[in-house]
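Enquirer: Below you'll find structure-v3.cif; it's mmCIF, C-alpha atoms (C1' of nucleotides).
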```cif
data_model
loop_
_atom_site.label_atom_id
_atom_site.label_comp_id
_atom_site.auth_asym_id
_atom_site.auth_seq_id
_atom_site.Cartn_x
_atom_site.Cartn_y
_atom_site.Cartn_z
CA MET A 23 91.33 102.89 87.06
CA LYS A 24 93.22 105.85 88.38
CA ASN A 25 93.47 104.72 91.96
CA SER A 26 96.63 106.12 93.44
CA GLN A 27 98.98 104.24 95.73
CA LEU A 28 97.45 106.10 98.64
CA TYR A 29 94.50 103.74 98.92
CA LYS A 30 96.81 100.84 99.67
CA GLY A 31 96.15 99.79 103.23
CA SER A 32 92.75 101.43 103.54
CA LEU A 33 90.60 98.67 102.06
CA ASN A 34 89.94 96.80 105.30
CA THR A 35 88.88 99.96 107.05
CA ILE A 36 86.54 100.88 104.19
CA ILE A 37 84.91 97.45 104.22
CA MET A 38 84.42 97.45 107.97
CA LYS A 39 83.01 100.96 108.06
CA LEU A 40 80.47 100.16 105.34
CA LEU A 41 79.39 97.01 107.16
CA GLU A 42 79.05 98.94 110.41
CA GLU A 43 76.82 101.41 108.66
CA ASN A 44 74.73 99.05 106.55
CA GLY A 45 74.42 95.97 108.72
CA LYS A 46 75.10 93.42 106.03
CA MET A 47 76.46 93.67 102.50
CA TYR A 48 77.78 91.38 99.78
CA GLY A 49 81.00 91.87 97.88
CA TYR A 50 79.71 93.26 94.65
CA GLU A 51 77.48 95.62 96.58
CA ILE A 52 80.51 96.98 98.41
CA THR A 53 82.32 97.77 95.17
CA GLN A 54 79.27 99.60 93.82
CA LYS A 55 78.72 101.52 97.03
CA VAL A 56 82.32 102.69 97.13
CA LYS A 57 82.18 103.73 93.51
CA ALA A 58 79.02 105.73 94.16
CA ILE A 59 80.27 107.43 97.30
CA THR A 60 83.54 108.45 95.69
CA GLN A 61 81.83 109.50 92.45
CA GLY A 62 83.64 106.85 90.47
CA GLU A 63 87.07 107.77 91.76
CA LEU A 64 87.72 104.61 93.75
CA ASN A 65 87.12 101.28 92.09
CA ILE A 66 87.80 98.28 94.27
CA THR A 67 88.92 95.34 92.18
CA GLU A 68 87.70 91.83 92.83
CA GLY A 69 91.28 90.66 93.15
CA ALA A 70 91.64 92.93 96.15
CA LEU A 71 88.16 92.66 97.60
CA TYR A 72 87.51 88.94 97.87
CA PRO A 73 90.81 88.00 99.48
CA ALA A 74 90.29 90.88 101.92
CA LEU A 75 86.81 89.64 102.86
CA HIS A 76 88.10 86.09 103.31
CA LYS A 77 90.88 87.31 105.53
CA LEU A 78 88.60 89.43 107.71
CA GLU A 79 86.34 86.39 108.06
CA ALA A 80 89.28 84.15 108.98
CA GLU A 81 90.30 86.70 111.61
CA GLY A 82 86.86 86.45 113.16
CA PHE A 83 85.76 89.97 112.29
CA LEU A 84 83.09 88.97 109.79
CA ASP A 85 80.30 86.39 109.60
CA VAL A 86 78.98 85.05 106.30
CA GLU A 87 75.50 84.12 105.20
CA ILE A 88 74.89 82.73 101.73
CA GLU A 89 71.69 83.59 99.90
CA LYS A 90 70.42 82.74 96.45
CA ILE A 91 68.74 85.74 94.93
CA ASP A 92 67.38 85.60 91.40
CA ASN A 93 69.25 82.36 90.80
CA ARG A 94 72.55 84.07 91.61
CA MET A 95 74.67 83.47 94.68
CA ARG A 96 75.29 86.23 97.17
CA LYS A 97 77.54 86.04 100.19
CA TYR A 98 76.36 88.52 102.75
CA TYR A 99 78.93 89.65 105.28
CA LYS A 100 78.30 91.30 108.62
CA LEU A 101 80.50 92.33 111.51
CA THR A 102 80.91 89.98 114.45
CA GLU A 103 81.05 91.43 117.96
CA SER A 104 84.81 91.32 117.75
CA GLY A 105 84.59 92.97 114.34
CA GLU A 106 82.56 95.83 115.74
CA LYS A 107 85.17 96.53 118.38
CA GLU A 108 87.93 96.35 115.79
CA THR A 109 86.03 98.73 113.54
CA VAL A 110 86.01 101.36 116.26
CA ASN A 111 89.79 101.02 116.57
CA ARG A 112 90.38 101.20 112.85
CA LEU A 113 88.20 104.25 112.41
CA SER A 114 90.11 105.93 115.19
CA GLU A 115 93.38 105.04 113.44
CA LEU A 116 91.96 106.46 110.23
CA GLU A 117 91.13 109.74 111.91
CA ASP A 118 94.66 109.96 113.31
CA PHE A 119 96.06 109.13 109.90
CA ILE A 120 94.02 111.81 108.15
CA ARG A 121 94.92 114.37 110.79
CA ASN A 122 98.61 113.54 110.46
CA MET A 123 98.53 113.70 106.69
CA GLN A 124 96.84 117.06 106.84
CA SER A 125 99.50 118.33 109.26
CA LEU A 126 102.18 117.22 106.82
CA VAL A 127 100.51 118.72 103.79
CA ASN A 128 99.09 121.84 105.33
CA PRO A 129 101.70 122.97 107.86
CA LYS A 130 99.84 126.21 108.51
CA LEU A 131 97.40 124.23 110.65
CA GLU A 132 100.12 122.76 112.86
CA PHE A 133 98.83 124.08 116.16
CA MET B 23 106.12 101.84 116.20
CA LYS B 24 102.37 101.89 115.99
CA ASN B 25 102.10 102.92 112.38
CA SER B 26 98.97 101.44 110.92
CA GLN B 27 98.64 99.98 107.45
CA LEU B 28 97.05 103.21 106.34
CA TYR B 29 100.38 104.93 105.77
CA LYS B 30 101.32 102.42 103.09
CA GLY B 31 101.62 104.28 99.84
CA SER B 32 101.89 107.73 101.36
CA LEU B 33 105.66 107.86 101.92
CA ASN B 34 106.58 109.23 98.50
CA THR B 35 104.02 112.00 98.79
CA ILE B 36 105.27 112.92 102.25
CA ILE B 37 108.88 113.10 101.08
CA MET B 38 108.05 115.21 98.06
CA LYS B 39 105.86 117.61 100.00
CA LEU B 40 108.57 118.17 102.61
CA LEU B 41 111.16 118.81 99.91
CA GLU B 42 108.83 121.22 98.15
CA GLU B 43 108.43 123.09 101.38
CA ASN B 44 112.00 123.05 102.64
CA GLY B 45 114.04 123.24 99.46
CA LYS B 46 116.55 120.56 100.37
CA MET B 47 116.69 117.95 103.08
CA TYR B 48 118.67 114.83 103.96
CA GLY B 49 117.21 111.49 104.89
CA TYR B 50 117.66 111.58 108.62
CA GLU B 51 116.30 115.11 108.70
CA ILE B 52 113.13 113.90 106.97
CA THR B 53 112.52 111.20 109.58
CA GLN B 54 112.94 113.72 112.40
CA LYS B 55 110.71 116.29 110.73
CA VAL B 56 107.93 113.77 110.19
CA LYS B 57 108.20 112.60 113.78
CA ALA B 58 107.96 116.17 115.01
CA ILE B 59 105.03 117.16 112.81
CA THR B 60 103.03 114.08 113.76
CA GLN B 61 103.97 114.38 117.43
CA GLY B 62 105.78 111.07 117.38
CA GLU B 63 102.92 109.18 115.77
CA LEU B 64 104.61 108.45 112.47
CA ASN B 65 108.12 107.07 112.48
CA ILE B 66 109.60 106.47 109.08
CA THR B 67 112.06 103.59 109.17
CA GLU B 68 115.36 103.69 107.31
CA GLY B 69 114.45 100.50 105.51
CA ALA B 70 111.53 102.34 103.95
CA LEU B 71 113.06 105.78 103.56
CA TYR B 72 116.34 105.15 101.77
CA PRO B 73 114.99 102.83 99.08
CA ALA B 74 112.19 105.36 98.50
CA LEU B 75 114.67 108.22 98.08
CA HIS B 76 116.79 106.15 95.71
CA LYS B 77 113.78 105.28 93.64
CA LEU B 78 112.56 108.86 93.41
CA GLU B 79 116.06 109.83 92.31
CA ALA B 80 116.15 107.07 89.69
CA GLU B 81 112.79 108.29 88.39
CA GLY B 82 114.28 111.73 87.91
CA PHE B 83 112.21 113.46 90.57
CA LEU B 84 115.10 114.17 92.94
CA ASP B 85 118.65 115.49 92.67
CA VAL B 86 121.35 114.61 95.17
CA GLU B 87 124.17 116.66 96.60
CA ILE B 88 126.62 115.12 99.04
CA GLU B 89 128.05 117.22 101.82
CA LYS B 90 130.39 116.41 104.66
CA ILE B 91 129.24 118.13 107.80
CA ASP B 92 131.08 117.65 111.07
CA ASN B 93 132.94 114.71 109.55
CA ARG B 94 129.68 112.92 108.77
CA MET B 95 128.20 112.34 105.35
CA ARG B 96 124.92 113.91 104.38
CA LYS B 97 123.04 113.38 101.15
CA TYR B 98 120.87 116.36 100.47
CA TYR B 99 117.92 115.78 98.18
CA LYS B 100 115.95 118.40 96.31
CA LEU B 101 113.17 118.26 93.75
CA THR B 102 114.04 118.44 90.06
CA GLU B 103 111.79 120.40 87.75
CA SER B 104 110.03 117.18 86.84
CA GLY B 105 109.80 116.38 90.55
CA GLU B 106 108.09 119.68 91.24
CA LYS B 107 105.43 118.98 88.65
CA GLU B 108 104.95 115.49 89.99
CA THR B 109 104.61 116.85 93.52
CA VAL B 110 101.70 119.03 92.45
CA ASN B 111 99.98 115.95 91.01
CA ARG B 112 100.60 113.83 94.07
CA LEU B 113 99.36 116.49 96.44
CA SER B 114 96.23 116.78 94.36
CA GLU B 115 95.80 113.00 94.54
CA LEU B 116 96.28 113.18 98.29
CA GLU B 117 93.56 115.78 98.62
CA ASP B 118 91.19 113.63 96.58
CA PHE B 119 92.11 110.63 98.66
CA ILE B 120 91.46 112.41 101.94
CA ARG B 121 88.19 113.79 100.66
CA ASN B 122 87.08 110.35 99.50
CA MET B 123 88.04 108.70 102.77
CA GLN B 124 86.11 111.32 104.67
CA SER B 125 83.07 110.71 102.47
CA LEU B 126 83.30 107.02 103.23
CA VAL B 127 83.73 107.47 106.94
CA ASN B 128 81.45 110.40 107.46
CA PRO B 129 78.50 109.80 105.11
CA LYS B 130 76.60 112.73 106.59
CA LEU B 131 78.79 115.04 104.55
CA GLU B 132 78.02 113.29 101.26
CA PHE B 133 76.60 116.28 99.46
"C1'" DC C 18 69.41 86.66 68.19
"C1'" DA C 19 74.01 87.26 69.15
"C1'" DA C 20 77.17 90.01 71.35
"C1'" DA C 21 78.08 92.92 74.92
"C1'" DC C 22 77.39 94.35 79.46
"C1'" DA C 23 75.98 93.75 84.30
"C1'" DT C 24 75.78 90.82 88.25
"C1'" DA C 25 78.34 87.69 91.36
"C1'" DC C 26 82.14 85.04 93.25
"C1'" DA C 27 86.99 83.20 93.08
"C1'" DT C 28 92.04 82.48 92.62
"C1'" DA C 29 96.84 82.53 90.82
"C1'" DA C 30 101.04 85.04 89.36
"C1'" DG C 31 103.57 88.87 89.77
"C1'" DT C 32 104.67 93.68 91.58
"C1'" DT C 33 105.29 97.13 94.97
"C1'" DT C 34 105.86 98.76 99.43
"C1'" DC C 35 106.71 98.08 103.50
"C1'" DT C 36 108.96 95.77 108.20
"C1'" DT C 37 112.66 93.71 110.40
"C1'" DA C 38 117.28 92.90 110.83
"C1'" DT C 39 121.79 93.87 110.02
"C1'" DA C 40 125.86 96.62 108.73
"C1'" DC C 41 129.14 100.45 108.82
"C1'" DA C 42 130.88 104.95 110.70
"C1'" DT C 43 131.38 109.16 113.79
"C1'" DA C 44 130.16 111.92 117.96
"C1'" DA C 45 128.39 112.78 122.43
"C1'" DC C 46 127.23 111.43 126.89
"C1'" DA C 47 126.91 108.99 131.22
"C1'" DT D 18 133.05 102.01 127.87
"C1'" DG D 19 128.62 101.05 126.70
"C1'" DT D 20 124.54 103.45 125.15
"C1'" DT D 21 122.35 106.94 122.54
"C1'" DA D 22 122.26 110.09 118.62
"C1'" DT D 23 123.52 111.10 113.96
"C1'" DG D 24 123.85 109.37 109.23
"C1'" DT D 25 123.46 106.10 105.24
"C1'" DA D 26 122.67 101.48 103.25
"C1'" DT D 27 120.93 96.83 101.89
"C1'" DA D 28 118.90 92.12 102.15
"C1'" DA D 29 115.12 88.88 103.43
"C1'" DG D 30 110.62 88.33 104.10
"C1'" DA D 31 105.66 89.80 104.76
"C1'" DA D 32 101.54 92.05 103.23
"C1'" DA D 33 98.51 94.26 100.11
"C1'" DC D 34 97.74 95.09 96.02
"C1'" DT D 35 97.20 94.71 90.32
"C1'" DT D 36 96.37 92.12 86.41
"C1'" DA D 37 94.61 88.30 84.29
"C1'" DT D 38 91.76 84.60 84.07
"C1'" DG D 39 87.84 81.50 85.12
"C1'" DT D 40 82.96 80.23 86.07
"C1'" DA D 41 78.02 81.24 85.86
"C1'" DT D 42 73.51 83.74 85.18
"C1'" DG D 43 70.61 87.72 83.66
"C1'" DT D 44 69.74 91.83 80.84
"C1'" DT D 45 70.17 94.98 77.22
"C1'" DT D 46 71.08 96.42 72.59
"C1'" DG D 47 72.43 96.61 67.70
#
```
Before we go any further, please render this structure as structure tokens.
Expert:
Amino acid sequence: MKNSQLYKGSLNTIIMKLLEENGKMYGYEITQKVKAITQGELNITEGALYPALHKLEAEGFLDVEIEKIDNRMRKYYKLTESGEKETVNRLSELEDFIRNMQSLVNPKLEF
Amino acid sequence: MKNSQLYKGSLNTIIMKLLEENGKMYGYEITQKVKAITQGELNITEGALYPALHKLEAEGFLDVEIEKIDNRMRKYYKLTESGEKETVNRLSELEDFIRNMQSLVNPKLEF
DNA sequence: CAAACATACATAAGTTTCTTATACATAACA
DNA sequence: TGTTATGTATAAGAAACTTATGTATGTTTG
């Protein structure tokens, strides 16, 4: 995996955005979706993903629903009402972050 | 300081980009420059900055030159040759990162 | 048909990067 | 004379991650 340090700190925002967009998703599905969208560039590891999901749930931003599909367990996550509000904030922070990083990297656009 | 988690991992890239652009800079100058460029949104703390500079120096990416200006010490840092090459790589990673994050957040542009 | 790969979740140990707090020193300002 | 600005530094702790491992089922392939 060639994930750079830059992705550190962005995992929660990625998870929440995907859930906002897709209604409900399970962990493995999230990793596959991210891989597809980034053309294989970003691979979320289970060691990062599952603790992150558990924490978002503990914070009240996600609800869980367990289903047994094809004899295999799936834990579907979806945003709570509080999680939806938080997602809006985090996406706004992400936009600010990207804008700031672009100002730093591309100073010609600093106006 | 309202820095979000998102900036985690981006400090080294920011430092190296500013040094690439400005030739040589000292620590305090970097914090002020970043604050100015981001209109006060990103405030790099000393506790993050100085260890980062020391590490980049230890890795051979930065050279130091101490000057005494106005009776106060300044440690000017500049990129080594190796540091310049590494900066190109990190800026390329940053561009990929930003592109990927925009794909994730703005799926309409996924083509 | 056995081994490898894909699906699916989980956690523990260790690393890295950061925040927070503290420390030292000079200069300017109110 | 106390606060703010300039300037560097480190130590303790928190947070997010990587790496490794574990469990279990289903599918594909040599």
Enquirer: Taking all atoms listed in the file into account, what are the residues of chain C at most 8 Å from chain B, put as a list in words?
Expert: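 Residues passing the distance filter: DT34, DC35, DT36 and DT43 of chain C.
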Enquirer: For those residues, write C-alpha atoms (C1' of nucleotides) to a file as an mmCIF file, in the coordinates of the input.
Expert:
```
data_model
loop_
_atom_site.group_PDB
_atom_site.id
_atom_site.type_symbol
_atom_site.label_atom_id
_atom_site.label_comp_id
_atom_site.auth_asym_id
_atom_site.auth_seq_id
_atom_site.Cartn_x
_atom_site.Cartn_y
_atom_site.Cartn_z
ATOM 1 C "C1'" DT C 34 105.860 98.760 99.430
ATOM 2 C "C1'" DC C 35 106.710 98.080 103.500
ATOM 3 C "C1'" DT C 36 108.960 95.770 108.200
ATOM 4 C "C1'" DT C 43 131.380 109.160 113.790
#
```
Enquirer: Taking the file as I've supplied it (selection: the PyMOL selection byres ((chain D) within 10 of (chain B))), which residues are included? Please answer as an NGL selection string.
Expert: :D and (23-27 or 32-33)
Enquirer: Could I get chain B fitted onto chain A (least squares, all C-alpha atoms, in order) as an mmCIF file with C-alpha atoms, in the coordinates of the input?
Expert:
```
data_model
loop_
_atom_site.group_PDB
_atom_site.id
_atom_site.type_symbol
_atom_site.label_atom_id
_atom_site.label_comp_id
_atom_site.auth_asym_id
_atom_site.auth_seq_id
_atom_site.Cartn_x
_atom_site.Cartn_y
_atom_site.Cartn_z
ATOM 1 C CA MET B 23 91.378 102.829 87.109
ATOM 2 C CA LYS B 24 93.278 105.809 88.380
ATOM 3 C CA ASN B 25 93.557 104.712 91.970
ATOM 4 C CA SER B 26 96.743 106.078 93.419
ATOM 5 C CA GLN B 27 99.056 104.235 95.772
ATOM 6 C CA LEU B 28 97.509 106.133 98.635
ATOM 7 C CA TYR B 29 94.581 103.745 98.949
ATOM 8 C CA LYS B 30 96.901 100.869 99.793
ATOM 9 C CA GLY B 31 96.114 99.759 103.295
ATOM 10 C CA SER B 32 92.733 101.434 103.511
ATOM 11 C CA LEU B 33 90.579 98.662 102.021
ATOM 12 C CA ASN B 34 89.929 96.799 105.265
ATOM 13 C CA THR B 35 88.864 99.978 107.016
ATOM 14 C CA ILE B 36 86.534 100.880 104.163
ATOM 15 C CA ILE B 37 84.893 97.454 104.199
ATOM 16 C CA MET B 38 84.406 97.459 107.944
ATOM 17 C CA LYS B 39 83.007 100.974 108.030
ATOM 18 C CA LEU B 40 80.472 100.166 105.311
ATOM 19 C CA LEU B 41 79.385 97.021 107.138
ATOM 20 C CA GLU B 42 79.060 98.939 110.387
ATOM 21 C CA GLU B 43 76.843 101.408 108.632
ATOM 22 C CA ASN B 44 74.738 99.065 106.532
ATOM 23 C CA GLY B 45 74.428 95.991 108.715
ATOM 24 C CA LYS B 46 75.116 93.440 106.009
ATOM 25 C CA MET B 47 76.445 93.681 102.494
ATOM 26 C CA TYR B 48 77.768 91.397 99.763
ATOM 27 C CA GLY B 49 80.987 91.866 97.873
ATOM 28 C CA TYR B 50 79.666 93.259 94.642
ATOM 29 C CA GLU B 51 77.432 95.625 96.574
ATOM 30 C CA ILE B 52 80.490 96.992 98.386
ATOM 31 C CA THR B 53 82.297 97.768 95.129
ATOM 32 C CA GLN B 54 79.248 99.602 93.782
ATOM 33 C CA LYS B 55 78.717 101.535 96.999
ATOM 34 C CA VAL B 56 82.328 102.683 97.099
ATOM 35 C CA LYS B 57 82.170 103.724 93.463
ATOM 36 C CA ALA B 58 79.025 105.722 94.123
ATOM 37 C CA ILE B 59 80.287 107.435 97.266
ATOM 38 C CA THR B 60 83.558 108.444 95.632
ATOM 39 C CA GLN B 61 81.836 109.482 92.408
ATOM 40 C CA GLY B 62 83.655 106.839 90.422
ATOM 41 C CA GLU B 63 87.083 107.775 91.734
ATOM 42 C CA LEU B 64 87.736 104.614 93.699
ATOM 43 C CA ASN B 65 87.101 101.278 92.058
ATOM 44 C CA ILE B 66 87.780 98.286 94.227
ATOM 45 C CA THR B 67 88.882 95.327 92.134
ATOM 46 C CA GLU B 68 87.651 91.806 92.804
ATOM 47 C CA GLY B 69 91.218 90.613 93.126
ATOM 48 C CA ALA B 70 91.602 92.908 96.114
ATOM 49 C CA LEU B 71 88.119 92.666 97.575
ATOM 50 C CA TYR B 72 87.478 88.942 97.859
ATOM 51 C CA PRO B 73 90.795 87.996 99.453
ATOM 52 C CA ALA B 74 90.285 90.885 101.896
ATOM 53 C CA LEU B 75 86.808 89.654 102.846
ATOM 54 C CA HIS B 76 88.090 86.110 103.293
ATOM 55 C CA LYS B 77 90.882 87.307 105.501
ATOM 56 C CA LEU B 78 88.621 89.431 107.677
ATOM 57 C CA GLU B 79 86.369 86.400 108.046
ATOM 58 C CA ALA B 80 89.304 84.159 108.969
ATOM 59 C CA GLU B 81 90.347 86.720 111.581
ATOM 60 C CA GLY B 82 86.908 86.468 113.129
ATOM 61 C CA PHE B 83 85.801 89.988 112.269
ATOM 62 C CA LEU B 84 83.119 88.973 109.769
ATOM 63 C CA ASP B 85 80.327 86.407 109.584
ATOM 64 C CA VAL B 86 79.008 85.059 106.304
ATOM 65 C CA GLU B 87 75.518 84.128 105.229
ATOM 66 C CA ILE B 88 74.883 82.728 101.770
ATOM 67 C CA GLU B 89 71.681 83.575 99.976
ATOM 68 C CA LYS B 90 70.393 82.702 96.545
ATOM 69 C CA ILE B 91 68.701 85.690 95.012
ATOM 70 C CA ASP B 92 67.275 85.539 91.511
ATOM 71 C CA ASN B 93 69.168 82.301 90.919
ATOM 72 C CA ARG B 94 72.488 83.982 91.692
ATOM 73 C CA MET B 95 74.643 83.405 94.732
ATOM 74 C CA ARG B 96 75.268 86.173 97.203
ATOM 75 C CA LYS B 97 77.531 86.027 100.221
ATOM 76 C CA TYR B 98 76.363 88.511 102.774
ATOM 77 C CA TYR B 99 78.948 89.657 105.282
ATOM 78 C CA LYS B 100 78.300 91.302 108.616
ATOM 79 C CA LEU B 101 80.512 92.335 111.504
ATOM 80 C CA THR B 102 80.937 89.977 114.447
ATOM 81 C CA GLU B 103 81.092 91.419 117.931
ATOM 82 C CA SER B 104 84.866 91.322 117.732
ATOM 83 C CA GLY B 105 84.623 92.953 114.306
ATOM 84 C CA GLU B 106 82.586 95.808 115.719
ATOM 85 C CA LYS B 107 85.205 96.536 118.343
ATOM 86 C CA GLU B 108 87.942 96.344 115.758
ATOM 87 C CA THR B 109 86.032 98.728 113.501
ATOM 88 C CA VAL B 110 85.998 101.359 116.229
ATOM 89 C CA ASN B 111 89.783 101.032 116.529
ATOM 90 C CA ARG B 112 90.373 101.213 112.806
ATOM 91 C CA LEU B 113 88.165 104.241 112.377
ATOM 92 C CA SER B 114 90.069 105.932 115.156
ATOM 93 C CA GLU B 115 93.336 105.061 113.403
ATOM 94 C CA LEU B 116 91.921 106.470 110.188
ATOM 95 C CA GLU B 117 91.065 109.740 111.873
ATOM 96 C CA ASP B 118 94.577 109.986 113.289
ATOM 97 C CA PHE B 119 96.006 109.165 109.904
ATOM 98 C CA ILE B 120 93.975 111.830 108.138
ATOM 99 C CA ARG B 121 94.836 114.381 110.781
ATOM 100 C CA ASN B 122 98.533 113.562 110.506
ATOM 101 C CA MET B 123 98.509 113.725 106.723
ATOM 102 C CA GLN B 124 96.810 117.085 106.869
ATOM 103 C CA SER B 125 99.439 118.336 109.314
ATOM 104 C CA LEU B 126 102.142 117.227 106.924
ATOM 105 C CA VAL B 127 100.542 118.751 103.880
ATOM 106 C CA ASN B 128 99.142 121.864 105.430
ATOM 107 C CA PRO B 129 101.759 122.975 107.980
ATOM 108 C CA LYS B 130 99.905 126.223 108.612
ATOM 109 C CA LEU B 131 97.469 124.287 110.759
ATOM 110 C CA GLU B 132 100.191 122.786 112.954
ATOM 111 C CA PHE B 133 98.945 124.143 116.240
#
```
Enquirer: Using all atoms listed in the file, select each residue of chain B with any atom at most 12 Å away from an atom of chain A, and give the selection as a PDB file with C-alpha atoms, in the frame of the given file.
Expert:
```
ATOM      1  CA  LYS B  24     102.370 101.890 115.990  1.00  0.00           C
ATOM      2  CA  ASN B  25     102.100 102.920 112.380  1.00  0.00           C
ATOM      3  CA  SER B  26      98.970 101.440 110.920  1.00  0.00           C
ATOM      4  CA  GLN B  27      98.640  99.980 107.450  1.00  0.00           C
ATOM      5  CA  LEU B  28      97.050 103.210 106.340  1.00  0.00           C
ATOM      6  CA  TYR B  29     100.380 104.930 105.770  1.00  0.00           C
ATOM      7  CA  LYS B  30     101.320 102.420 103.090  1.00  0.00           C
ATOM      8  CA  GLY B  31     101.620 104.280  99.840  1.00  0.00           C
ATOM      9  CA  SER B  32     101.890 107.730 101.360  1.00  0.00           C
ATOM     10  CA  LEU B  33     105.660 107.860 101.920  1.00  0.00           C
ATOM     11  CA  ASN B  34     106.580 109.230  98.500  1.00  0.00           C
ATOM     12  CA  THR B  35     104.020 112.000  98.790  1.00  0.00           C
ATOM     13  CA  ILE B  36     105.270 112.920 102.250  1.00  0.00           C
ATOM     14  CA  ILE B  37     108.880 113.100 101.080  1.00  0.00           C
ATOM     15  CA  MET B  38     108.050 115.210  98.060  1.00  0.00           C
ATOM     16  CA  LYS B  39     105.860 117.610 100.000  1.00  0.00           C
ATOM     17  CA  LEU B  40     108.570 118.170 102.610  1.00  0.00           C
ATOM     18  CA  LEU B  41     111.160 118.810  99.910  1.00  0.00           C
ATOM     19  CA  GLU B  42     108.830 121.220  98.150  1.00  0.00           C
ATOM     20  CA  GLU B  43     108.430 123.090 101.380  1.00  0.00           C
ATOM     21  CA  ASN B  44     112.000 123.050 102.640  1.00  0.00           C
ATOM     22  CA  ILE B  52     113.130 113.900 106.970  1.00  0.00           C
ATOM     23  CA  LYS B  55     110.710 116.290 110.730  1.00  0.00           C
ATOM     24  CA  VAL B  56     107.930 113.770 110.190  1.00  0.00           C
ATOM     25  CA  LYS B  57     108.200 112.600 113.780  1.00  0.00           C
ATOM     26  CA  ALA B  58     107.960 116.170 115.010  1.00  0.00           C
ATOM     27  CA  ILE B  59     105.030 117.160 112.810  1.00  0.00           C
ATOM     28  CA  THR B  60     103.030 114.080 113.760  1.00  0.00           C
ATOM     29  CA  GLN B  61     103.970 114.380 117.430  1.00  0.00           C
ATOM     30  CA  GLY B  62     105.780 111.070 117.380  1.00  0.00           C
ATOM     31  CA  GLU B  63     102.920 109.180 115.770  1.00  0.00           C
ATOM     32  CA  LEU B  64     104.610 108.450 112.470  1.00  0.00           C
ATOM     33  CA  ASN B  65     108.120 107.070 112.480  1.00  0.00           C
ATOM     34  CA  THR B 109     104.610 116.850  93.520  1.00  0.00           C
ATOM     35  CA  VAL B 110     101.700 119.030  92.450  1.00  0.00           C
ATOM     36  CA  ASN B 111      99.980 115.950  91.010  1.00  0.00           C
ATOM     37  CA  ARG B 112     100.600 113.830  94.070  1.00  0.00           C
ATOM     38  CA  LEU B 113      99.360 116.490  96.440  1.00  0.00           C
ATOM     39  CA  SER B 114      96.230 116.780  94.360  1.00  0.00           C
ATOM     40  CA  GLU B 115      95.800 113.000  94.540  1.00  0.00           C
ATOM     41  CA  LEU B 116      96.280 113.180  98.290  1.00  0.00           C
ATOM     42  CA  GLU B 117      93.560 115.780  98.620  1.00  0.00           C
ATOM     43  CA  ASP B 118      91.190 113.630  96.580  1.00  0.00           C
ATOM     44  CA  PHE B 119      92.110 110.630  98.660  1.00  0.00           C
ATOM     45  CA  ILE B 120      91.460 112.410 101.940  1.00  0.00           C
ATOM     46  CA  ARG B 121      88.190 113.790 100.660  1.00  0.00           C
ATOM     47  CA  ASN B 122      87.080 110.350  99.500  1.00  0.00           C
ATOM     48  CA  MET B 123      88.040 108.700 102.770  1.00  0.00           C
ATOM     49  CA  GLN B 124      86.110 111.320 104.670  1.00  0.00           C
ATOM     50  CA  SER B 125      83.070 110.710 102.470  1.00  0.00           C
ATOM     51  CA  LEU B 126      83.300 107.020 103.230  1.00  0.00           C
ATOM     52  CA  VAL B 127      83.730 107.470 106.940  1.00  0.00           C
ATOM     53  CA  ASN B 128      81.450 110.400 107.460  1.00  0.00           C
ATOM     54  CA  PRO B 129      78.500 109.800 105.110  1.00  0.00           C
ATOM     55  CA  LYS B 130      76.600 112.730 106.590  1.00  0.00           C
ATOM     56  CA  LEU B 131      78.790 115.040 104.550  1.00  0.00           C
ATOM     57  CA  GLU B 132      78.020 113.290 101.260  1.00  0.00           C
ATOM     58  CA  PHE B 133      76.600 116.280  99.460  1.00  0.00           C
TER      59      PHE B 133
END
```
Enquirer: Identify, on the basis of all atoms listed in the file, every residue whose closest approach to DA21 (chain C) does not exceed 12 Å; exclude the query and any residue fewer than 2 positions from it along the same chain; express the result as an mmCIF file with C-alpha atoms (C1' of nucleotides), in the frame of the given file.
Expert:
```cif
data_model
loop_
_atom_site.group_PDB
_atom_site.id
_atom_site.type_symbol
_atom_site.label_atom_id
_atom_site.label_comp_id
_atom_site.auth_asym_id
_atom_site.auth_seq_id
_atom_site.Cartn_x
_atom_site.Cartn_y
_atom_site.Cartn_z
ATOM 1 C "C1'" DA C 19 74.010 87.260 69.150
ATOM 2 C "C1'" DA C 23 75.980 93.750 84.300
ATOM 3 C "C1'" DT D 44 69.740 91.830 80.840
ATOM 4 C "C1'" DT D 45 70.170 94.980 77.220
ATOM 5 C "C1'" DT D 46 71.080 96.420 72.590
ATOM 6 C "C1'" DG D 47 72.430 96.610 67.700
#
```
Enquirer: Enter the distance from CA of Ser104 (chain B) to CA of Leu84 (chain B), in Å, rounded to one decimal.
Expert: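 Between these atoms lies a distance of 8.5 Å.
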Enquirer: List every protein, DNA or RNA residue that has an atom no more than 9 Å from (88.5, 89.5, 112.0) in the file's coordinate frame, counting all atoms listed in the file, and report them as a ChimeraX atom specification.
Expert: /A:77-84,101-102,104-105,108
Enquirer: I'd like the interatomic distance between C1' of DA20 (chain C) and CA of Lys90 (chain A), to a tenth of an Å.
Expert: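 A separation of 27.0 Å between them.
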Enquirer: Could you please determine the separation between CA of Glu89 (chain A) and CA of His76 (chain A) in Å, to one decimal place?
Expert: 16.9 Å
Enquirer: Write out as a PyMOL selection string the residues lying within 10 Å of DG39 (chain D), counting all atoms listed in the file and excluding same-chain residues fewer than 2 positions away.
Expert: (chain C and resi 27-28) or (chain D and resi 37+41)
Enquirer: Compare A:Glu87, A:Tyr99, A:Thr53, A:Glu106 by their minimum atom-to-atom distance to Ile66 (chain A), counting all atoms listed in the file, and give me the closest one.
Expert: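 Smallest separation from Ile66 (chain A) among the options: A:Thr53.
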